[in-house]
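Student: Provided herewith is a single structure, encoded as structure tokens, for subsequent inquiry.
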Amino acid sequence: MSAHRRRDSESGSDSENSSLEDEEAAVAAASDRPQRARINNTEALQEALEEIAVPEDLPWDELLVVTGEAPTEVGNVDDDLERELAFYNQALGAARVAIARMEAAGVAWQRPTDYYAEMVKSDEHMLKVREQLAFEQKSISEATERRKQRDAKKFGKQVMSEVRKERAAS
């Protein structure tokens with residue numbers, strides 16, 4: 001029995017641990033994978049956590065963390081629209097709080113009006129994309145126009161056949 005199993009058995013009941021071990025053995029046997037020993041080195045994990053933890057004395061503008069004042073509540077969690085709306089409102093409220101904090105601290109949060117961002121795609125590529133979109137839009141509108149003309153022609157034929165029937169009947 002490994003050291004962490006001994007510590008577990010001291011804190012918990014032996015029957016619980018033996019049933020867990022039996023369950024683990026059954027799962028390992030069923031999956032045909034070699035069973036790996038579990039390692040729970042809490043001291044090393046704690047040291048790693050302390051190493052990557054963010055210092056608490058950093059000013060807000062270094063972290064930019066905004067936590068909602070109240071928990072987000074959704075009436076029906078299965079309703080996607082209601083749930084997304086709740087998340088949207090929560091994010092919008094947090095953004096407003098962050099903007100107010102930035103303005104109070106004198107930190108610029110908007111781009112300057114003359115800001116020029118490097119484009120990922122070239123102007124030539126974007127021109128091709130625009131031309132392709134315009135071509136697709138034109139094709140759609142032409143197809144719609146042809147469909148309307150066909151429908152008008154069919155309707156005209158129906159009207160003419162009804163007029164001929166009425167003339168023949170009178």
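Labels used: A, B, ... for chains in the order of the structure tokens, numbers from 1 for residues in each chain, and numbers from 1 for ligands as shown.
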Run DSSP on the backbone of this structure and report the residues of stretch 12-137 of chain A it assigns to helix (DSSP H, G or I), as a PyMOL selection string.
Tutor: chain A and resi 14-31+42-52+60-63+80-105+123-137
Student: Applying 12 Å and only C-alpha atoms, which residues near A:Leu63 remain after dropping the ones on its own chain fewer than 5 positions away? List them as a count of residues only.
Tutor: 7
Student: Can you tell me, as a list in words, what residues are no more than 12 Å from A:Gln90 when counting only C-alpha atoms, ignoring any on the same chain fewer than 3 positions away?
Tutor: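 What passes the distance filter is Val66, Thr67, Gly68, Glu69, Ala70, Pro71, Thr72, Glu73, Val74, Arg83, Glu84, Leu85, Ala86, Phe87, Gly93, Ala94, Ala95, Arg96 and Val97 of chain A.
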